[in-house]
$ cat my_file.txt   # compact mmCIF, C-alpha atoms
# COMPACT_ATOMS: atom_id res chain seq x y z
CA MET A 153 69.87 68.30 65.35
CA VAL A 154 73.35 67.44 66.64
CA PRO A 155 75.43 65.62 63.96
CA ILE A 156 76.05 61.91 64.62
CA TYR A 157 79.07 59.82 63.64
CA THR A 158 79.88 56.20 64.41
CA LEU A 159 83.23 54.43 64.56
CA THR A 160 83.52 50.70 63.88
CA LEU A 161 87.02 49.29 64.25
CA SER A 162 85.98 45.72 63.41
CA PRO A 163 83.32 45.84 60.67
CA SER A 164 81.91 42.75 58.96
CA LEU A 165 80.00 41.56 55.95
CA ASP A 166 77.22 39.40 57.38
CA SER A 167 75.56 36.58 55.43
CA ALA A 168 72.39 34.82 56.58
CA THR A 169 70.91 31.58 55.29
CA LEU A 170 68.29 28.91 56.08
CA THR A 171 68.83 25.14 56.25
CA PRO A 172 66.17 22.48 56.98
CA GLN A 173 68.22 20.80 59.70
CA ILE A 174 71.79 20.74 60.98
CA TYR A 175 73.96 17.67 61.56
CA PRO A 176 77.68 16.82 61.34
CA GLU A 177 79.64 15.72 58.27
CA GLY A 178 76.85 15.68 55.68
CA LYS A 179 76.19 18.44 53.16
CA LEU A 180 73.77 21.00 54.58
CA ARG A 181 71.66 22.40 51.74
CA CYS A 182 71.11 26.10 52.35
CA SER A 183 68.99 28.87 50.87
CA ALA A 184 70.58 31.65 48.84
CA PRO A 185 72.48 33.87 51.28
CA VAL A 186 71.28 37.33 52.19
CA PHE A 187 74.11 39.80 52.70
CA GLU A 188 73.91 42.71 55.13
CA PRO A 189 76.36 45.18 56.63
CA GLY A 190 77.69 44.28 60.08
CA GLY A 191 79.72 45.70 62.95
CA GLY A 192 78.52 47.66 65.98
CA GLY A 193 78.92 51.26 64.84
CA ILE A 194 77.82 50.45 61.29
CA ASN A 195 74.61 48.91 62.61
CA VAL A 196 74.03 51.90 64.88
CA ALA A 197 74.32 54.21 61.84
CA ARG A 198 71.96 51.94 59.89
CA ALA A 199 69.40 51.94 62.71
CA ILE A 200 69.52 55.74 62.92
CA THR A 201 68.96 55.93 59.16
CA HIS A 202 66.06 53.44 59.34
CA LEU A 203 64.49 55.64 62.03
CA GLY A 204 64.62 58.73 59.84
CA GLY A 205 67.84 60.27 61.14
CA THR A 206 71.28 60.67 59.58
CA ALA A 207 74.64 59.36 60.72
CA THR A 208 78.04 58.94 59.10
CA ALA A 209 79.75 55.56 59.61
CA ILE A 210 83.55 55.66 59.87
CA PHE A 211 85.31 52.30 59.44
CA PRO A 212 88.15 50.43 57.69
CA ALA A 213 87.22 48.50 54.55
CA GLY A 214 89.49 45.92 52.92
CA GLY A 215 89.33 43.69 49.86
CA ALA A 216 86.27 42.50 47.96
CA THR A 217 84.30 41.97 51.18
CA GLY A 218 84.99 45.56 52.18
CA GLU A 219 83.80 46.79 48.76
CA HIS A 220 80.64 44.70 49.12
CA LEU A 221 80.04 46.18 52.58
CA VAL A 222 80.38 49.76 51.28
CA ALA A 223 78.01 49.00 48.38
CA LEU A 224 75.37 47.57 50.72
CA LEU A 225 75.52 50.70 52.88
CA ALA A 226 75.12 52.88 49.78
CA ASN A 227 71.96 50.91 48.96
CA GLU A 228 70.62 51.81 52.41
CA HIS A 229 71.61 55.48 51.97
CA VAL A 230 73.98 55.37 54.95
CA ALA A 231 76.78 57.94 54.69
CA VAL A 232 80.26 56.43 55.06
CA ASP A 233 83.81 57.67 55.53
CA THR A 234 86.23 54.77 55.06
CA VAL A 235 89.92 53.99 55.37
CA GLU A 236 91.31 51.47 52.90
CA ALA A 237 92.64 48.48 54.86
CA LYS A 238 95.18 45.91 53.74
CA ASP A 239 93.41 42.98 55.43
CA TRP A 240 90.07 41.91 53.96
CA THR A 241 86.94 42.80 55.93
CA ARG A 242 85.75 39.69 57.78
CA GLN A 243 82.64 37.79 56.75
CA ASN A 244 80.30 36.30 59.37
CA LEU A 245 77.67 33.61 58.88
CA HIS A 246 74.23 33.34 60.50
CA VAL A 247 72.37 30.05 59.99
CA HIS A 248 68.69 29.58 60.87
CA VAL A 249 67.58 25.93 61.24
CA GLU A 250 63.99 25.58 60.05
CA SER A 251 63.19 22.29 61.83
CA SER A 252 64.16 23.51 65.31
CA GLY A 253 64.04 27.29 65.03
CA GLU A 254 67.61 27.43 66.36
CA GLN A 255 70.10 30.04 65.19
CA TYR A 256 73.82 29.57 64.80
CA ARG A 257 76.08 32.61 64.59
CA PHE A 258 79.58 32.01 63.25
CA VAL A 259 81.62 35.11 64.06
CA MET A 260 85.06 35.38 62.50
CA PRO A 261 88.01 37.28 64.00
CA GLY A 262 88.15 40.92 63.02
CA ALA A 263 90.51 41.96 60.24
CA MET A 264 93.97 43.03 61.35
CA LEU A 265 94.19 46.81 61.69
CA GLU A 266 97.67 48.20 61.12
CA ASP A 267 99.05 51.21 63.00
CA ASN A 268 98.85 53.55 60.02
CA GLU A 269 95.26 52.46 59.32
CA PHE A 270 94.24 53.16 62.92
CA ARG A 271 95.99 56.54 62.68
CA GLN A 272 93.95 57.41 59.57
CA LEU A 273 90.73 56.49 61.37
CA GLU A 274 91.81 58.63 64.32
CA GLU A 275 92.44 61.56 61.97
CA LYS A 276 88.93 61.23 60.58
CA VAL A 277 87.48 61.23 64.11
CA LEU A 278 89.45 64.32 65.10
CA ALA A 279 88.23 66.13 61.99
CA ILE A 280 84.62 65.87 63.24
CA GLU A 281 83.07 69.18 64.27
CA SER A 282 82.98 70.04 67.98
CA GLY A 283 79.69 69.26 69.71
CA ALA A 284 78.89 66.25 67.51
CA ILE A 285 78.06 62.83 68.94
CA LEU A 286 80.51 59.98 68.31
CA VAL A 287 79.34 56.40 68.88
CA ILE A 288 82.18 53.91 69.28
CA SER A 289 80.65 50.47 69.08
CA GLY A 290 81.80 46.88 68.63
CA SER A 291 84.85 44.81 69.45
CA LEU A 292 88.51 45.69 69.07
CA PRO A 293 90.27 44.01 66.13
CA PRO A 294 93.65 42.26 66.30
CA GLY A 295 96.43 44.83 66.52
CA VAL A 296 94.44 47.37 68.56
CA LYS A 297 95.02 47.44 72.32
CA CYS A 298 92.71 49.02 74.88
CA GLU A 299 95.21 51.84 75.45
CA LYS A 300 94.69 52.99 71.87
CA LEU A 301 90.95 53.14 72.42
CA THR A 302 91.35 55.17 75.62
CA HIS A 303 93.73 57.58 73.88
CA LEU A 304 91.27 58.00 71.00
CA ILE A 305 88.37 58.73 73.37
CA ASP A 306 90.46 61.24 75.35
CA ALA A 307 91.46 63.03 72.13
CA ALA A 308 87.86 63.04 70.87
CA LYS A 309 86.57 64.56 74.11
CA LYS A 310 89.28 67.23 74.02
CA LYS A 311 88.03 68.06 70.53
CA GLY A 312 84.57 68.58 72.03
CA LEU A 313 82.93 65.37 70.85
CA ARG A 314 80.23 63.71 72.97
CA CYS A 315 81.26 60.05 73.16
CA ILE A 316 78.95 57.05 73.46
CA VAL A 317 80.61 53.65 73.89
CA ASP A 318 78.89 50.31 73.37
CA SER A 319 81.37 47.49 73.87
CA SER A 320 82.17 44.85 76.46
CA GLY A 321 84.96 43.35 78.54
CA GLU A 322 88.30 45.12 78.69
CA ALA A 323 87.35 47.57 75.93
CA LEU A 324 84.37 48.90 77.91
CA THR A 325 86.38 49.03 81.13
CA ALA A 326 89.14 50.98 79.35
CA ALA A 327 86.62 53.39 77.84
CA LEU A 328 85.13 54.13 81.26
CA GLU A 329 88.58 54.97 82.60
CA SER A 330 88.48 57.97 80.30
CA GLY A 331 85.33 59.13 82.10
CA ASN A 332 82.49 61.53 81.27
CA LEU A 333 81.02 59.40 78.50
CA GLU A 334 77.62 60.53 77.23
CA LEU A 335 76.07 57.07 77.42
CA ILE A 336 76.89 53.40 77.95
CA LYS A 337 74.52 50.43 77.57
CA PRO A 338 75.80 47.43 79.55
CA ASN A 339 73.70 44.39 80.28
CA GLN A 340 73.40 43.21 83.89
CA LYS A 341 76.41 40.88 83.64
CA GLU A 342 78.60 43.59 82.10
CA LEU A 343 77.48 46.11 84.72
CA SER A 344 78.38 43.62 87.46
CA ALA A 345 81.88 43.31 86.01
CA LEU A 346 82.25 47.11 85.84
CA VAL A 347 81.49 47.57 89.55
CA ASN A 348 83.22 44.31 90.51
CA ARG A 349 80.39 42.80 92.55
CA PRO A 350 77.34 40.55 92.01
CA LEU A 351 74.03 42.26 91.28
CA THR A 352 71.30 39.91 92.47
CA GLN A 353 68.48 42.34 93.33
CA PRO A 354 66.79 45.00 91.15
CA ASP A 355 67.98 47.71 93.53
CA ASP A 356 71.55 46.41 93.14
CA VAL A 357 71.39 47.15 89.40
CA ARG A 358 70.07 50.65 89.98
CA SER A 359 72.70 51.38 92.65
CA ALA A 360 75.52 50.15 90.42
CA ALA A 361 74.37 52.31 87.50
CA GLN A 362 73.99 55.34 89.79
CA GLU A 363 77.50 54.70 91.10
CA LEU A 364 78.96 54.99 87.59
CA VAL A 365 77.08 58.26 87.04
CA ARG A 366 78.03 59.64 90.45
CA ASN A 367 81.72 58.79 89.91
CA GLY A 368 81.78 60.67 86.61
CA LYS A 369 82.29 57.59 84.44
CA ALA A 370 79.21 58.21 82.30
CA ARG A 371 76.48 60.85 82.25
CA ARG A 372 73.84 58.25 81.38
CA VAL A 373 73.76 54.49 81.97
CA VAL A 374 71.04 52.40 80.36
CA VAL A 375 71.14 48.80 81.55
CA SER A 376 69.73 46.30 79.08
CA LEU A 377 67.53 43.78 80.91
CA GLY A 378 66.35 41.56 78.03
CA PRO A 379 62.59 40.82 78.22
CA GLN A 380 62.39 43.19 81.21
CA GLY A 381 63.39 46.09 78.97
CA ALA A 382 65.90 48.57 80.32
CA LEU A 383 66.77 50.69 83.33
CA GLY A 384 67.94 54.22 82.55
CA VAL A 385 69.91 56.30 85.05
CA ASP A 386 71.31 59.83 84.97
CA GLU A 387 71.97 62.54 87.54
CA THR A 388 68.26 63.44 87.70
CA GLY A 389 67.05 59.94 88.64
CA SER A 390 66.09 56.63 87.07
CA VAL A 391 63.40 55.13 84.82
CA GLN A 392 62.51 51.56 83.87
CA VAL A 393 60.82 50.73 80.59
CA VAL A 394 59.31 47.26 80.04
CA PRO A 395 58.41 46.30 76.45
CA PRO A 396 55.11 44.67 75.50
CA PRO A 397 55.12 40.86 75.29
CA MET A 398 55.95 39.75 71.76
CA LYS A 399 57.30 36.70 69.97
CA SER A 400 61.04 37.09 69.42
CA GLN A 401 62.33 35.79 66.10
CA SER A 402 65.94 36.87 66.55
CA THR A 403 67.93 38.97 69.01
CA VAL A 404 70.58 39.80 66.40
CA GLY A 405 70.74 43.58 65.94
CA ALA A 406 68.53 44.39 68.93
CA GLY A 407 71.33 46.00 70.94
CA ASP A 408 72.58 48.09 68.01
CA SER A 409 69.02 49.17 67.20
CA MET A 410 68.59 50.22 70.81
CA VAL A 411 71.81 52.26 70.83
CA GLY A 412 70.92 53.86 67.49
CA ALA A 413 67.48 54.91 68.72
CA MET A 414 68.83 56.32 71.99
CA THR A 415 71.59 58.20 70.15
CA LEU A 416 69.03 59.75 67.82
CA LYS A 417 66.91 60.92 70.76
CA LEU A 418 69.99 62.20 72.58
CA ALA A 419 70.89 64.26 69.49
CA GLN A 420 67.37 65.70 69.59
CA GLY A 421 67.72 66.70 73.25
CA ALA A 422 65.17 64.20 74.59
CA SER A 423 64.69 63.37 78.27
CA LEU A 424 66.01 60.21 79.93
CA LEU A 425 62.53 58.64 79.78
CA GLU A 426 62.00 59.47 76.11
CA MET A 427 65.46 58.22 75.20
CA THR A 428 65.12 54.95 77.13
CA ARG A 429 61.59 54.34 75.84
CA TYR A 430 62.63 54.85 72.22
CA GLY A 431 65.65 52.60 72.72
CA VAL A 432 63.56 49.78 74.18
CA ALA A 433 61.01 50.15 71.38
CA ALA A 434 63.67 49.95 68.65
CA GLY A 435 65.42 47.01 70.31
CA SER A 436 62.09 45.18 70.60
CA ALA A 437 61.24 46.02 66.99
CA ALA A 438 64.46 44.36 65.83
CA THR A 439 63.54 41.09 67.57
CA ILE A 440 60.38 40.74 65.47
CA ASN A 441 62.50 40.10 62.37
CA HIS A 442 64.23 36.92 61.27
CA GLY A 443 68.00 36.90 60.66
CA THR A 444 70.08 40.03 61.07
CA ARG A 445 67.53 42.73 60.26
CA LEU A 446 67.43 45.86 62.39
CA CYS A 447 64.47 47.90 63.60
CA SER A 448 62.03 49.61 61.27
CA LEU A 449 60.50 53.04 61.87
CA ASP A 450 56.94 51.71 61.62
CA ASP A 451 57.42 48.86 64.14
CA THR A 452 59.37 51.11 66.50
CA GLN A 453 56.72 53.83 66.47
CA LYS A 454 53.93 51.32 67.15
CA ILE A 455 55.77 50.05 70.24
CA VAL A 456 56.51 53.62 71.38
CA ASP A 457 52.80 54.43 71.12
CA TYR A 458 51.97 51.35 73.20
CA LEU A 459 54.57 52.25 75.85
CA THR A 460 53.33 55.84 75.99
CA ARG A 461 49.74 54.72 76.56
CA SER A 462 50.55 52.04 79.15
$ encode --input "my_file.txt" --output "structure tokens"
Amino acid sequence: MVPIYTLTLSPSLDSATLTPQIYPEGKLRCSAPVFEPGGGGINVARAITHLGGTATAIFPAGGATGEHLVALLANEHVAVDTVEAKDWTRQNLHVHVESSGEQYRFVMPGAMLEDNEFRQLEEKVLAIESGAILVISGSLPPGVKCEKLTHLIDAAKKKGLRCIVDSSGEALTAALESGNLELIKPNQKELSALVNRPLTQPDDVRSAAQELVRNGKARRVVVSLGPQGALGVDETGSVQVVPPPMKSQSTVGAGDSMVGAMTLKLAQGASLLEMTRYGVAAGSAATINHGTRLCSLDDTQKIVDYLTRS
């Protein structure tokens, strides 16, 4: 199988807790926090590992929170390659309110990434063997401009790496300027921004995704459609995969699970249909869980079996 690496420029240590109800000013009594690794590329590597594959997560780690993050990944048997950062790794908070079922996600700014730290991460990327898959996922931290991301992707492609980008806003737009990405996974709103027009009809979404493929921006575009699953497009055509109806407990981690599953199938040389189906199954499997948990192999395979039969 093709080797897989992920790059997370803005990792996090995520904590999740329960509280009976939420209201201002008073003390909110919470359950003991559960700590999990966080950050786009890190979660993609975790999802791949959960699904029986292997991936190496490259990221900066700073301070005690960074040490905790690395230890948690070791517990999950996720391979890491880190750069020591001066700024402490950020810590996010997810609060589930028992009385209402609501979830609150408090996301802190990413840790500052200094020029020399970014350069060290870039060196690690460029040391990856040619032909490997590199997943760049998550937001850009303070101190890193879009131009740096574009330069990194250009250098990685020149080295022979197959680049997948899962981001949003200016970072995703900048990545597409580089062109010839292996895969992107925008939602409908993000896709609309990429083609600079509203997408109100199903055929509009398909046409916009095909446009990105036709213009050489990405070889594969999988548009996340929430409960409607996903639309996958490449040069051979398009497929739509709709997940079975199920009760969603949390959408946290669904997108990263989806990207991890699709990356794993891509590394195995799967077809567009197989890749999209596995991605939808893993994303759906993640929503079954409370808090920030990702997909499991067992849940994902059950949903794949259902989708294959239907």
$ residues_around --input "my_file.txt" --residues "range 458-460 of chain A" --least-positions-apart "3" --cutoff "12 Å" --atoms "all atoms listed in the file" --output "mmCIF file with C-alpha atoms, in the coordinates of the input"
data_model
loop_
_atom_site.group_PDB
_atom_site.id
_atom_site.type_symbol
_atom_site.label_atom_id
_atom_site.label_comp_id
_atom_site.auth_asym_id
_atom_site.auth_seq_id
_atom_site.Cartn_x
_atom_site.Cartn_y
_atom_site.Cartn_z
ATOM 1 C CA GLY A 381 63.390 46.090 78.970
ATOM 2 C CA GLN A 392 62.510 51.560 83.870
ATOM 3 C CA VAL A 393 60.820 50.730 80.590
ATOM 4 C CA VAL A 394 59.310 47.260 80.040
ATOM 5 C CA PRO A 395 58.410 46.300 76.450
ATOM 6 C CA PRO A 396 55.110 44.670 75.500
ATOM 7 C CA PRO A 397 55.120 40.860 75.290
ATOM 8 C CA LEU A 425 62.530 58.640 79.780
ATOM 9 C CA GLU A 426 62.000 59.470 76.110
ATOM 10 C CA THR A 428 65.120 54.950 77.130
ATOM 11 C CA ARG A 429 61.590 54.340 75.840
ATOM 12 C CA TYR A 430 62.630 54.850 72.220
ATOM 13 C CA GLY A 431 65.650 52.600 72.720
ATOM 14 C CA VAL A 432 63.560 49.780 74.180
ATOM 15 C CA ALA A 433 61.010 50.150 71.380
ATOM 16 C CA ALA A 434 63.670 49.950 68.650
ATOM 17 C CA SER A 436 62.090 45.180 70.600
ATOM 18 C CA ASP A 451 57.420 48.860 64.140
ATOM 19 C CA THR A 452 59.370 51.110 66.500
ATOM 20 C CA GLN A 453 56.720 53.830 66.470
ATOM 21 C CA LYS A 454 53.930 51.320 67.150
ATOM 22 C CA ILE A 455 55.770 50.050 70.240
#
$ residues_around --input "my_file.txt" --residues "range 298-301 of chain A" --least-positions-apart "4" --cutoff "12 Å" --atoms "only C-alpha atoms" --output "PyMOL selection string"
chain A and resi 159-161+265+267+270-271+273-274+288-294+305-308+315+317+319-330
$ closest_atom_pairs --input "my_file.txt" --of "range 227-250 of chain A" --to "range 276-285 of chain A" --cutoff "10 Å" --atoms "only C-alpha atoms" --output "tab-separated table"
residue	atom	partner	partner_atom	distance
A:Asp233	CA	A:Lys276	CA	8.0
A:Thr234	CA	A:Lys276	CA	8.9
A:Val235	CA	A:Lys276	CA	9.0
$ atom_distance --input "my_file.txt" --atom1 "CA of Thr439 in chain A" --atom2 "CA of Thr158 in chain A"
22.5 Å
$ closest_residue --input "my_file.txt" --among "A:Gly190, A:Gly435, A:Gly214, A:Gly407" --to "Glu266 in chain A" --atoms "all atoms listed in the file"
A:Gly214
$ closest_residue --input "my_file.txt" --among "A:Ala438, A:Leu304, A:Val154, A:Val385" --to "Met398 in chain A" --atoms "only C-alpha atoms"
A:Ala438
$ closest_residue --input "my_file.txt" --among "A:Thr352, A:Arg314, A:Ile440, A:Leu383" --to "Pro338 in chain A" --atoms "only C-alpha atoms"
A:Leu383
$ closest_residue --input "my_file.txt" --among "A:Asn332, A:Gln340, A:Thr403, A:Gln362" --to "Val391 in chain A" --atoms "only C-alpha atoms"
A:Gln362
$ closest_residue --input "my_file.txt" --among "A:Met410, A:Val357, A:Leu424, A:Leu245" --to "Leu446 in chain A" --atoms "only C-alpha atoms"
A:Met410
$ closest_residue --input "my_file.txt" --among "A:Tyr175, A:Tyr256, A:Phe187, A:Tyr157" --to "Asn227 in chain A" --atoms "all atoms listed in the file"
A:Phe187
$ atom_distance --input "my_file.txt" --atom1 "CA of Gly218 in chain A" --atom2 "CA of Leu449 in chain A"
27.4 Å
$ residues_around --input "my_file.txt" --residues "Pro185 in chain A" --least-positions-apart "5" --cutoff "7 Å" --atoms "all atoms listed in the file" --output "PyMOL selection string"
chain A and resi 167-169
$ write_last_selection --input "my_file.txt" --atoms "C-alpha atoms" --output "mmCIF file, in the coordinates of the input"
data_model
loop_
_atom_site.group_PDB
_atom_site.id
_atom_site.type_symbol
_atom_site.label_atom_id
_atom_site.label_comp_id
_atom_site.auth_asym_id
_atom_site.auth_seq_id
_atom_site.Cartn_x
_atom_site.Cartn_y
_atom_site.Cartn_z
ATOM 1 C CA SER A 167 75.560 36.580 55.430
ATOM 2 C CA ALA A 168 72.390 34.820 56.580
ATOM 3 C CA THR A 169 70.910 31.580 55.290
#
$ atom_distance --input "my_file.txt" --atom1 "CA of Ala223 in chain A" --atom2 "CA of Val196 in chain A"
17.2 Å
$ residues_around --input "my_file.txt" --residues "Thr208 in chain A" --least-positions-apart "2" --cutoff "8 Å" --atoms "all atoms listed in the file" --output "PDB file with C-alpha atoms, keeping the file's coordinate frame"
ATOM      1  CA  ILE A 156      76.050  61.910  64.620  1.00  0.00           C
ATOM      2  CA  TYR A 157      79.070  59.820  63.640  1.00  0.00           C
ATOM      3  CA  THR A 158      79.880  56.200  64.410  1.00  0.00           C
ATOM      4  CA  ALA A 197      74.320  54.210  61.840  1.00  0.00           C
ATOM      5  CA  THR A 206      71.280  60.670  59.580  1.00  0.00           C
ATOM      6  CA  ILE A 210      83.550  55.660  59.870  1.00  0.00           C
ATOM      7  CA  VAL A 230      73.980  55.370  54.950  1.00  0.00           C
ATOM      8  CA  ALA A 231      76.780  57.940  54.690  1.00  0.00           C
ATOM      9  CA  VAL A 232      80.260  56.430  55.060  1.00  0.00           C
ATOM     10  CA  ASP A 233      83.810  57.670  55.530  1.00  0.00           C
TER      11      ASP A 233
END
$ residues_around --input "my_file.txt" --residues "range 369-371 of chain A" --least-positions-apart "2" --cutoff "8 Å" --atoms "only C-alpha atoms" --output "PyMOL selection string"
chain A and resi 328-336+364-367+373+386-387
$ build_atoms --input "my_file.txt" --residues "range 300-312 of chain A" --atoms "N, CA and C atoms" --output "short mmCIF file (atom, residue, chain, number, x, y, z; two decimals), keeping the file's coordinate frame"
data_model
loop_
_atom_site.label_atom_id
_atom_site.label_comp_id
_atom_site.auth_asym_id
_atom_site.auth_seq_id
_atom_site.Cartn_x
_atom_site.Cartn_y
_atom_site.Cartn_z
N LYS A 300 94.96 52.19 73.07
CA LYS A 300 94.69 52.99 71.87
C LYS A 300 93.28 53.54 71.89
N LEU A 301 92.34 52.70 72.34
CA LEU A 301 90.95 53.14 72.42
C LEU A 301 90.80 54.27 73.42
N THR A 302 91.42 54.13 74.59
CA THR A 302 91.35 55.17 75.62
C THR A 302 91.94 56.48 75.11
N HIS A 303 93.07 56.38 74.44
CA HIS A 303 93.73 57.58 73.88
C HIS A 303 92.81 58.26 72.87
N LEU A 304 92.16 57.46 72.02
CA LEU A 304 91.27 58.00 71.00
C LEU A 304 90.08 58.72 71.66
N ILE A 305 89.51 58.11 72.68
CA ILE A 305 88.37 58.73 73.37
C ILE A 305 88.79 60.03 74.05
N ASP A 306 89.95 60.02 74.70
CA ASP A 306 90.46 61.24 75.35
C ASP A 306 90.64 62.37 74.33
N ALA A 307 91.22 62.02 73.18
CA ALA A 307 91.46 63.03 72.13
C ALA A 307 90.14 63.54 71.57
N ALA A 308 89.17 62.64 71.40
CA ALA A 308 87.86 63.04 70.87
C ALA A 308 87.15 63.99 71.83
N LYS A 309 87.22 63.69 73.13
CA LYS A 309 86.57 64.56 74.11
C LYS A 309 87.24 65.93 74.17
N LYS A 310 88.56 65.94 74.04
CA LYS A 310 89.28 67.23 74.02
C LYS A 310 88.85 68.06 72.83
N LYS A 311 88.50 67.38 71.74
CA LYS A 311 88.03 68.06 70.53
C LYS A 311 86.59 68.55 70.69
N GLY A 312 85.94 68.14 71.79
CA GLY A 312 84.57 68.58 72.03
C GLY A 312 83.51 67.61 71.57
#
